[in-house]
file query.csv (CSV, C-alpha atoms)
chain,number,residue,atom,x,y,z
A,16,MET,CA,-28.5,-32.0,-1.2
A,17,LEU,CA,-26.2,-31.3,-4.2
A,18,TYR,CA,-26.0,-27.6,-3.2
A,19,THR,CA,-24.9,-28.6,0.3
A,20,ILE,CA,-22.2,-30.9,-1.0
A,21,ILE,CA,-20.9,-28.2,-3.4
A,22,LYS,CA,-21.0,-25.7,-0.5
A,23,ALA,CA,-18.9,-28.1,1.7
A,24,LEU,CA,-16.4,-28.5,-1.1
A,25,HIS,CA,-16.3,-24.7,-1.6
A,26,ILE,CA,-15.5,-24.2,2.1
A,27,ILE,CA,-12.8,-27.0,2.1
A,28,PHE,CA,-11.0,-25.6,-0.9
A,29,MET,CA,-11.4,-22.1,0.4
A,30,VAL,CA,-9.5,-23.2,3.5
A,31,SER,CA,-6.8,-24.9,1.3
A,32,TYR,CA,-6.5,-21.8,-0.9
A,33,PHE,CA,-6.1,-19.4,2.0
A,34,ALA,CA,-3.6,-21.8,3.7
A,35,GLY,CA,-1.6,-21.6,0.5
A,36,ILE,CA,-1.8,-17.8,0.2
A,37,PHE,CA,-0.9,-17.3,3.9
A,38,TYR,CA,2.2,-19.5,3.7
A,39,LEU,CA,3.2,-18.2,0.2
A,40,VAL,CA,3.6,-14.6,1.4
A,41,ARG,CA,5.4,-15.9,4.5
A,42,ILE,CA,7.9,-17.5,2.2
A,43,PHE,CA,8.5,-14.1,0.5
A,44,VAL,CA,9.2,-12.7,4.0
A,45,TYR,CA,11.6,-15.6,4.8
A,46,TYR,CA,13.4,-15.0,1.5
A,47,LYS,CA,13.8,-11.3,2.3
A,48,ASP,CA,15.0,-12.2,5.8
A,49,THR,CA,18.1,-13.8,4.2
A,50,ASP,CA,19.4,-10.4,3.1
A,51,GLU,CA,21.9,-10.3,6.0
A,52,PHE,CA,23.0,-13.9,5.8
A,53,ALA,CA,26.4,-15.1,4.6
A,54,GLU,CA,26.5,-15.6,0.8
A,55,GLU,CA,26.6,-19.4,0.8
A,56,LYS,CA,23.7,-19.7,3.3
A,57,LYS,CA,21.7,-17.0,1.5
A,58,LYS,CA,22.1,-18.8,-1.8
A,59,ILE,CA,21.0,-22.2,-0.5
A,60,LEU,CA,18.0,-20.7,1.4
A,61,ARG,CA,16.9,-18.5,-1.5
A,62,GLU,CA,17.0,-21.5,-3.9
A,63,GLN,CA,14.9,-23.5,-1.4
A,64,TYR,CA,12.4,-20.7,-0.8
A,65,THR,CA,12.0,-20.1,-4.6
A,66,PHE,CA,11.4,-23.8,-5.0
A,67,MET,CA,8.9,-23.9,-2.1
A,68,ALA,CA,7.0,-20.9,-3.4
A,69,ARG,CA,6.7,-22.3,-6.9
A,70,ARG,CA,5.6,-25.7,-5.7
A,71,LEU,CA,3.1,-24.2,-3.2
A,72,TRP,CA,1.7,-22.0,-5.9
A,73,ASN,CA,1.4,-24.6,-8.6
A,74,ILE,CA,0.4,-27.7,-6.5
A,75,ILE,CA,-1.8,-26.2,-3.7
A,76,THR,CA,-2.8,-22.6,-4.0
A,77,VAL,CA,-3.8,-22.4,-7.7
A,78,PRO,CA,-5.6,-25.7,-7.9
A,79,ALA,CA,-7.5,-25.0,-4.6
A,80,GLY,CA,-8.4,-21.6,-5.9
A,81,ILE,CA,-9.7,-23.0,-9.1
A,82,ILE,CA,-11.8,-25.6,-7.4
A,83,MET,CA,-13.1,-23.0,-4.9
A,84,ALA,CA,-14.1,-20.7,-7.7
A,85,VAL,CA,-15.8,-23.5,-9.7
A,86,CYS,CA,-17.7,-24.6,-6.7
A,87,GLY,CA,-18.7,-21.0,-6.0
A,88,ILE,CA,-19.9,-20.6,-9.6
A,89,VAL,CA,-21.9,-23.8,-9.4
A,90,MET,CA,-23.5,-22.6,-6.2
A,91,ILE,CA,-24.6,-19.4,-8.0
A,92,PHE,CA,-26.2,-21.5,-10.8
A,93,LEU,CA,-27.9,-23.8,-8.3
A,94,ASN,CA,-29.2,-20.8,-6.3
A,95,ILE,CA,-29.5,-17.9,-8.8
A,96,GLY,CA,-31.3,-15.9,-6.1
A,97,LEU,CA,-28.0,-15.1,-4.6
A,98,MET,CA,-27.4,-12.6,-7.3
A,99,LYS,CA,-30.3,-10.5,-6.0
A,100,MET,CA,-28.9,-10.3,-2.5
A,101,PRO,CA,-27.0,-7.1,-1.6
A,102,TRP,CA,-24.7,-9.0,0.9
A,103,PHE,CA,-23.7,-11.3,-2.0
A,104,HIS,CA,-22.7,-8.4,-4.1
A,105,LEU,CA,-20.5,-7.2,-1.2
A,106,LYS,CA,-18.9,-10.7,-1.0
A,107,LEU,CA,-18.2,-10.5,-4.8
A,108,THR,CA,-16.6,-7.1,-4.3
A,109,PHE,CA,-14.3,-8.5,-1.6
A,110,LEU,CA,-13.5,-11.4,-4.0
A,111,LEU,CA,-12.3,-8.9,-6.6
A,112,GLY,CA,-9.9,-7.7,-3.9
A,113,LEU,CA,-8.8,-11.3,-3.4
A,114,ALA,CA,-8.3,-11.6,-7.1
A,115,ALA,CA,-6.0,-8.6,-7.1
A,116,TYR,CA,-4.1,-10.0,-4.2
A,117,HIS,CA,-3.8,-13.3,-5.9
A,118,TYR,CA,-2.4,-11.5,-9.0
A,119,TRP,CA,0.2,-9.7,-6.8
A,120,CYS,CA,1.2,-13.1,-5.3
A,121,TRP,CA,1.6,-14.6,-8.7
A,122,LYS,CA,3.8,-11.8,-9.8
A,123,LYS,CA,6.0,-12.2,-6.7
A,124,VAL,CA,6.3,-16.0,-7.4
A,125,LEU,CA,7.5,-15.1,-11.0
A,126,GLN,CA,9.8,-12.4,-9.6
A,127,LEU,CA,11.5,-14.9,-7.2
A,128,LYS,CA,12.2,-17.2,-10.2
A,129,GLU,CA,13.6,-14.3,-12.3
A,130,LEU,CA,15.7,-12.9,-9.4
A,131,ASN,CA,17.9,-16.0,-9.5
A,132,GLY,CA,18.9,-15.5,-5.9
A,133,ALA,CA,19.1,-11.7,-5.9
A,134,THR,CA,17.4,-9.5,-3.3
A,135,ILE,CA,13.7,-8.7,-3.4
A,136,GLU,CA,13.5,-4.9,-3.6
A,137,THR,CA,10.3,-4.8,-1.5
A,138,PRO,CA,11.1,-3.7,2.1
A,139,ASN,CA,10.7,-6.4,4.7
A,140,ILE,CA,8.0,-4.5,6.6
A,141,LYS,CA,5.9,-4.1,3.4
A,142,LEU,CA,6.1,-7.9,2.8
A,143,ARG,CA,5.1,-8.6,6.4
A,144,GLN,CA,2.1,-6.2,6.1
A,145,ALA,CA,1.2,-7.7,2.7
A,146,ASN,CA,1.1,-11.0,4.5
A,147,GLU,CA,-1.9,-9.7,6.5
A,148,ILE,CA,-4.0,-8.7,3.5
A,149,ALA,CA,-5.4,-12.2,3.0
A,150,THR,CA,-6.4,-12.2,6.6
A,151,PHE,CA,-8.4,-9.0,6.2
A,152,ILE,CA,-10.1,-10.4,3.1
A,153,LEU,CA,-10.9,-13.6,4.8
A,154,PHE,CA,-12.5,-11.7,7.7
A,155,LEU,CA,-14.6,-9.6,5.3
A,156,VAL,CA,-15.8,-12.5,3.3
A,157,VAL,CA,-16.6,-14.8,6.3
A,158,PHE,CA,-18.4,-12.1,8.2
A,159,THR,CA,-20.4,-11.1,5.1
A,160,VAL,CA,-21.4,-14.7,4.4
A,161,ILE,CA,-22.3,-15.5,8.0
A,162,LEU,CA,-24.1,-12.2,8.8
A,163,LYS,CA,-25.7,-11.8,5.4
A,164,SER,CA,-28.3,-9.0,5.4
A,165,SER,CA,-27.1,-7.8,8.9
A,166,VAL,CA,-23.9,-6.7,7.2
A,167,ILE,CA,-25.9,-4.2,5.2
A,168,GLU,CA,-27.9,-3.1,8.2
A,169,TYR,CA,-25.0,-2.7,10.6
A,170,TRP,CA,-22.4,-1.7,8.1
A,171,TRP,CA,-20.9,1.2,10.0
A,172,GLN,CA,-20.3,-0.9,13.2
A,173,LEU,CA,-18.7,-3.6,11.0
A,174,ILE,CA,-16.5,-1.1,9.2
A,175,THR,CA,-15.4,0.4,12.5
A,176,GLY,CA,-14.6,-3.0,13.9
A,177,PHE,CA,-12.8,-3.9,10.7
A,178,PHE,CA,-10.6,-0.8,10.8
A,179,VAL,CA,-9.8,-1.4,14.5
A,180,LEU,CA,-8.8,-5.0,13.6
A,181,VAL,CA,-6.6,-3.7,10.7
A,182,PHE,CA,-5.0,-1.2,13.0
A,183,LEU,CA,-4.3,-3.8,15.7
A,184,ILE,CA,-2.8,-6.3,13.3
A,185,MET,CA,-0.7,-3.6,11.6
A,186,MET,CA,0.6,-2.3,14.9
A,187,THR,CA,1.3,-5.8,16.0
A,188,VAL,CA,3.4,-6.4,12.9
A,189,LYS,CA,5.3,-3.2,13.4
A,190,LEU,CA,5.9,-4.0,17.1
A,191,VAL,CA,7.1,-7.5,16.3
A,192,ASN,CA,9.4,-6.1,13.7
A,193,LYS,CA,10.7,-3.4,16.0
A,194,LYS,CA,11.6,-6.0,18.6
A,195,LYS,CA,13.2,-8.1,15.9
A,196,LYS,CA,15.6,-5.2,15.1
A,197,ASP,CA,16.5,-4.6,18.7

call {"tool": "encode", "arguments": {"input": "query.csv", "output": "C-alpha coordinates"}}
result
Amino acid sequence: MLYTIIKALHIIFMVSYFAGIFYLVRIFVYYKDTDEFAEEKKKILREQYTFMARRLWNIITVPAGIIMAVCGIVMIFLNIGLMKMPWFHLKLTFLLGLAAYHYWCWKKVLQLKELNGATIETPNIKLRQANEIATFILFLVVFTVILKSSVIEYWWQLITGFFVLVFLIMMTVKLVNKKKKD
(Lines of atoms letter the chains of each structure in order from A and count residues from 1; the text may use other names and numbers.)
(Lines give C-alpha, C1' and ligand atoms only; values in the text may rest on other atoms or scores of the structure.)
Protein backbone atom coordinates (compact mmCIF):
# COMPACT_ATOMS: atom_id res chain seq x y z
CA MET A 1 0.00 0.00 0.00
CA LEU A 2 2.82 2.44 0.89
CA TYR A 3 4.49 1.81 -2.49
CA THR A 4 1.23 2.60 -4.32
CA ILE A 5 0.76 5.84 -2.38
CA ILE A 6 4.34 6.92 -3.11
CA LYS A 7 3.83 6.01 -6.78
CA ALA A 8 0.66 8.14 -6.92
CA LEU A 9 2.54 11.08 -5.38
CA HIS A 10 5.41 10.53 -7.83
CA ILE A 11 2.98 10.75 -10.77
CA ILE A 12 1.16 13.80 -9.37
CA PHE A 13 4.38 15.73 -8.85
CA MET A 14 5.73 14.54 -12.22
CA VAL A 15 2.68 16.16 -13.83
CA SER A 16 3.25 19.35 -11.80
CA TYR A 17 6.94 19.39 -12.68
CA PHE A 18 6.32 18.96 -16.40
CA ALA A 19 3.59 21.61 -16.34
CA GLY A 20 6.13 23.99 -14.85
CA ILE A 21 8.83 23.10 -17.37
CA PHE A 22 6.42 23.35 -20.32
CA TYR A 23 5.21 26.80 -19.28
CA LEU A 24 8.65 28.05 -18.26
CA VAL A 25 10.15 27.60 -21.71
CA ARG A 26 7.01 29.13 -23.22
CA ILE A 27 7.74 32.22 -21.09
CA PHE A 28 11.23 32.35 -22.66
CA VAL A 29 9.54 32.31 -26.08
CA TYR A 30 7.14 35.10 -25.06
CA TYR A 31 10.07 37.15 -23.75
CA LYS A 32 11.87 36.74 -27.08
CA ASP A 33 8.68 37.63 -28.97
CA THR A 34 8.88 41.14 -27.48
CA ASP A 35 11.99 41.97 -29.55
CA GLU A 36 9.92 43.92 -32.07
CA PHE A 37 7.68 45.75 -29.56
CA ALA A 38 7.89 49.44 -28.69
CA GLU A 39 10.39 50.12 -25.89
CA GLU A 40 7.84 50.91 -23.17
CA LYS A 41 5.72 47.86 -23.91
CA LYS A 42 8.85 45.68 -24.24
CA LYS A 43 10.19 46.86 -20.88
CA ILE A 44 6.92 46.18 -19.04
CA LEU A 45 6.41 42.75 -20.61
CA ARG A 46 10.02 41.65 -20.10
CA GLU A 47 9.87 42.62 -16.43
CA GLN A 48 6.66 40.63 -16.08
CA TYR A 49 8.01 37.58 -17.93
CA THR A 50 11.17 37.61 -15.82
CA PHE A 51 9.07 37.81 -12.67
CA MET A 52 6.79 35.01 -13.88
CA ALA A 53 9.71 32.76 -14.85
CA ARG A 54 11.41 33.17 -11.48
CA ARG A 55 8.18 32.55 -9.54
CA LEU A 56 7.24 29.54 -11.66
CA TRP A 57 10.73 28.10 -11.24
CA ASN A 58 11.00 28.70 -7.50
CA ILE A 59 7.43 27.99 -6.39
CA ILE A 60 6.23 25.23 -8.73
CA THR A 61 8.88 23.64 -10.94
CA VAL A 62 11.76 23.08 -8.52
CA PRO A 63 9.63 21.99 -5.52
CA ALA A 64 7.60 19.61 -7.71
CA GLY A 65 10.82 18.25 -9.21
CA ILE A 66 12.30 17.65 -5.78
CA ILE A 67 9.20 15.86 -4.49
CA MET A 68 9.00 13.83 -7.71
CA ALA A 69 12.66 12.79 -7.34
CA VAL A 70 12.31 11.96 -3.64
CA CYS A 71 9.25 9.81 -4.35
CA GLY A 72 11.15 8.07 -7.16
CA ILE A 73 14.09 7.32 -4.88
CA VAL A 74 11.77 6.03 -2.16
CA MET A 75 10.10 3.75 -4.72
CA ILE A 76 13.52 2.34 -5.66
CA PHE A 77 14.27 1.60 -2.00
CA LEU A 78 10.85 0.01 -1.55
CA ASN A 79 11.31 -2.09 -4.70
CA ILE A 80 15.07 -2.56 -5.15
CA GLY A 81 14.33 -5.11 -7.88
CA LEU A 82 13.74 -2.17 -10.24
CA MET A 83 17.49 -1.73 -10.45
CA LYS A 84 17.77 -5.13 -12.12
CA MET A 85 15.32 -4.26 -14.90
CA PRO A 86 16.78 -3.11 -18.26
CA TRP A 87 13.74 -0.91 -18.96
CA PHE A 88 14.34 0.91 -15.68
CA HIS A 89 17.94 1.64 -16.68
CA LEU A 90 16.57 3.12 -19.89
CA LYS A 91 14.18 5.30 -17.87
CA LEU A 92 17.08 6.49 -15.70
CA THR A 93 19.01 7.37 -18.86
CA PHE A 94 16.11 9.49 -20.09
CA LEU A 95 15.99 11.14 -16.67
CA LEU A 96 19.62 12.15 -17.12
CA GLY A 97 18.47 13.94 -20.28
CA LEU A 98 15.73 15.59 -18.24
CA ALA A 99 18.32 16.69 -15.67
CA ALA A 100 20.38 18.31 -18.45
CA TYR A 101 17.25 20.07 -19.77
CA HIS A 102 16.39 21.18 -16.22
CA TYR A 103 19.88 22.67 -15.91
CA TRP A 104 19.45 24.52 -19.23
CA CYS A 105 16.13 25.93 -18.01
CA TRP A 106 17.70 27.04 -14.73
CA LYS A 107 20.49 28.83 -16.61
CA LYS A 108 17.90 30.61 -18.78
CA VAL A 109 15.96 31.74 -15.68
CA LEU A 110 19.18 33.18 -14.27
CA GLN A 111 19.98 34.74 -17.65
CA LEU A 112 16.61 36.53 -17.76
CA LYS A 113 17.34 38.09 -14.38
CA GLU A 114 20.83 39.17 -15.47
CA LEU A 115 19.61 40.54 -18.82
CA ASN A 116 17.72 43.26 -16.98
CA GLY A 117 15.31 43.63 -19.89
CA ALA A 118 17.87 43.15 -22.68
CA THR A 119 17.33 40.76 -25.59
CA ILE A 120 17.88 37.00 -25.30
CA GLU A 121 20.49 36.11 -27.91
CA THR A 122 18.97 32.66 -28.56
CA PRO A 123 16.97 32.76 -31.82
CA ASN A 124 13.20 32.51 -31.45
CA ILE A 125 12.97 29.28 -33.46
CA LYS A 126 15.58 27.64 -31.21
CA LEU A 127 13.58 28.58 -28.10
CA ARG A 128 10.41 27.21 -29.70
CA GLN A 129 12.19 23.96 -30.59
CA ALA A 130 13.70 23.76 -27.09
CA ASN A 131 10.15 24.05 -25.80
CA GLU A 132 9.46 20.60 -27.30
CA ILE A 133 12.38 18.80 -25.63
CA ALA A 134 10.41 18.20 -22.43
CA THR A 135 7.61 16.71 -24.54
CA PHE A 136 10.04 14.23 -26.11
CA ILE A 137 11.46 13.24 -22.75
CA LEU A 138 7.96 12.83 -21.34
CA PHE A 139 7.02 10.53 -24.23
CA LEU A 140 10.19 8.47 -23.77
CA VAL A 141 9.75 8.06 -20.02
CA VAL A 142 6.02 7.29 -20.09
CA PHE A 143 6.31 4.77 -22.92
CA THR A 144 9.25 3.11 -21.18
CA VAL A 145 7.40 2.84 -17.86
CA ILE A 146 4.14 1.62 -19.41
CA LEU A 147 5.66 -0.83 -21.90
CA LYS A 148 8.49 -1.98 -19.58
CA SER A 149 10.26 -5.01 -21.12
CA SER A 150 8.46 -4.54 -24.44
CA VAL A 151 10.52 -1.37 -24.90
CA ILE A 152 13.65 -3.52 -25.02
CA GLU A 153 12.04 -6.16 -27.23
CA TYR A 154 10.53 -3.72 -29.75
CA TRP A 155 13.19 -1.01 -29.48
CA TRP A 156 13.63 -0.36 -33.19
CA GLN A 157 9.89 0.19 -33.78
CA LEU A 158 9.75 2.55 -30.82
CA ILE A 159 12.85 4.44 -31.95
CA THR A 160 11.40 4.77 -35.45
CA GLY A 161 8.09 5.99 -34.03
CA PHE A 162 9.88 8.41 -31.75
CA PHE A 163 11.89 9.93 -34.60
CA VAL A 164 8.73 10.27 -36.69
CA LEU A 165 7.11 12.05 -33.73
CA VAL A 166 10.14 14.34 -33.30
CA PHE A 167 10.14 15.12 -37.02
CA LEU A 168 6.41 15.91 -37.05
CA ILE A 169 6.61 18.15 -34.01
CA MET A 170 9.67 20.02 -35.29
CA MET A 171 8.08 20.51 -38.71
CA THR A 172 4.91 21.77 -37.05
CA VAL A 173 6.94 24.28 -35.03
CA LYS A 174 8.69 25.46 -38.20
CA LEU A 175 5.39 25.68 -40.11
CA VAL A 176 3.68 27.65 -37.36
CA ASN A 177 6.64 30.02 -37.16
CA LYS A 178 6.73 30.44 -40.93
CA LYS A 179 3.04 31.39 -40.96
CA LYS A 180 3.68 33.77 -38.07
CA LYS A 181 6.28 35.66 -40.14
CA ASP A 182 3.96 35.96 -43.16

call {"tool": "atom_distance", "arguments": {"input": "query.csv", "atom1": "atom CA of Val85 of chain A", "atom2": "atom CA of Ala68 of chain A"}}
result
23.8 Å

call {"tool": "closest_residue", "arguments": {"input": "query.csv", "among": "A:Ala53, A:Leu93, A:Val40, A:Ala34", "to": "Thr76 of chain A", "atoms": "only C-alpha atoms"}}
result
A:Ala34

call {"tool": "residues_near_point", "arguments": {"input": "query.csv", "point": "(16.4, -6.7, 2.1)", "cutoff": "9 Å", "atoms": "all atoms listed in the file", "output": "PDB file with C-alpha atoms, in the frame of the given file"}}
result
ATOM      1  CA  TYR A  46      13.400 -15.000   1.500  1.00  0.00           C
ATOM      2  CA  LYS A  47      13.800 -11.300   2.300  1.00  0.00           C
ATOM      3  CA  ASP A  48      15.000 -12.200   5.800  1.00  0.00           C
ATOM      4  CA  THR A  49      18.100 -13.800   4.200  1.00  0.00           C
ATOM      5  CA  ASP A  50      19.400 -10.400   3.100  1.00  0.00           C
ATOM      6  CA  GLU A  51      21.900 -10.300   6.000  1.00  0.00           C
ATOM      7  CA  THR A 134      17.400  -9.500  -3.300  1.00  0.00           C
ATOM      8  CA  ILE A 135      13.700  -8.700  -3.400  1.00  0.00           C
ATOM      9  CA  GLU A 136      13.500  -4.900  -3.600  1.00  0.00           C
ATOM     10  CA  THR A 137      10.300  -4.800  -1.500  1.00  0.00           C
ATOM     11  CA  PRO A 138      11.100  -3.700   2.100  1.00  0.00           C
ATOM     12  CA  ASN A 139      10.700  -6.400   4.700  1.00  0.00           C
TER      13      ASN A 139
END

call {"tool": "closest_residue", "arguments": {"input": "query.csv", "among": "A:Ile36, A:Cys86, A:Leu183, A:Ile81", "to": "Leu17 of chain A", "atoms": "all atoms listed in the file"}}
result
A:Cys86

call {"tool": "closest_residue", "arguments": {"input": "query.csv", "among": "A:Leu111, A:Ala23, A:Leu142, A:Val30", "to": "Phe43 of chain A", "atoms": "only C-alpha atoms"}}
result
A:Leu142

call {"tool": "closest_residue", "arguments": {"input": "query.csv", "among": "A:Leu113, A:Phe182, A:Gly132, A:Thr175", "to": "Lys56 of chain A", "atoms": "only C-alpha atoms"}}
result
A:Gly132

call {"tool": "residues_around", "arguments": {"input": "query.csv", "residues": "segment 18-22 of chain A", "least_positions_apart": "3", "cutoff": "8 Å", "atoms": "all atoms listed in the file", "output": "JSON, numbers by chain"}}
result
{"A": [25, 26, 86, 87, 89, 90, 93]}

call {"tool": "closest_residue", "arguments": {"input": "query.csv", "among": "A:Ile140, A:Ile152, A:Leu190, A:Ala145", "to": "Ala114 of chain A", "atoms": "all atoms listed in the file"}}
result
A:Ile152

call {"tool": "atom_distance", "arguments": {"input": "query.csv", "atom1": "atom CA of Leu155 of chain A", "atom2": "atom CA of Phe177 of chain A"}}
result
8.1 Å

call {"tool": "closest_residue", "arguments": {"input": "query.csv", "among": "A:Lys58, A:His104, A:His117, A:Arg143", "to": "Arg41 of chain A", "atoms": "only C-alpha atoms"}}
result
A:Arg143

call {"tool": "residues_around", "arguments": {"input": "query.csv", "residues": "Leu125 of chain A", "least_positions_apart": "5", "cutoff": "9 Å", "atoms": "all atoms listed in the file", "output": "VMD selection string"}}
result
chain A and resid 69 120 130
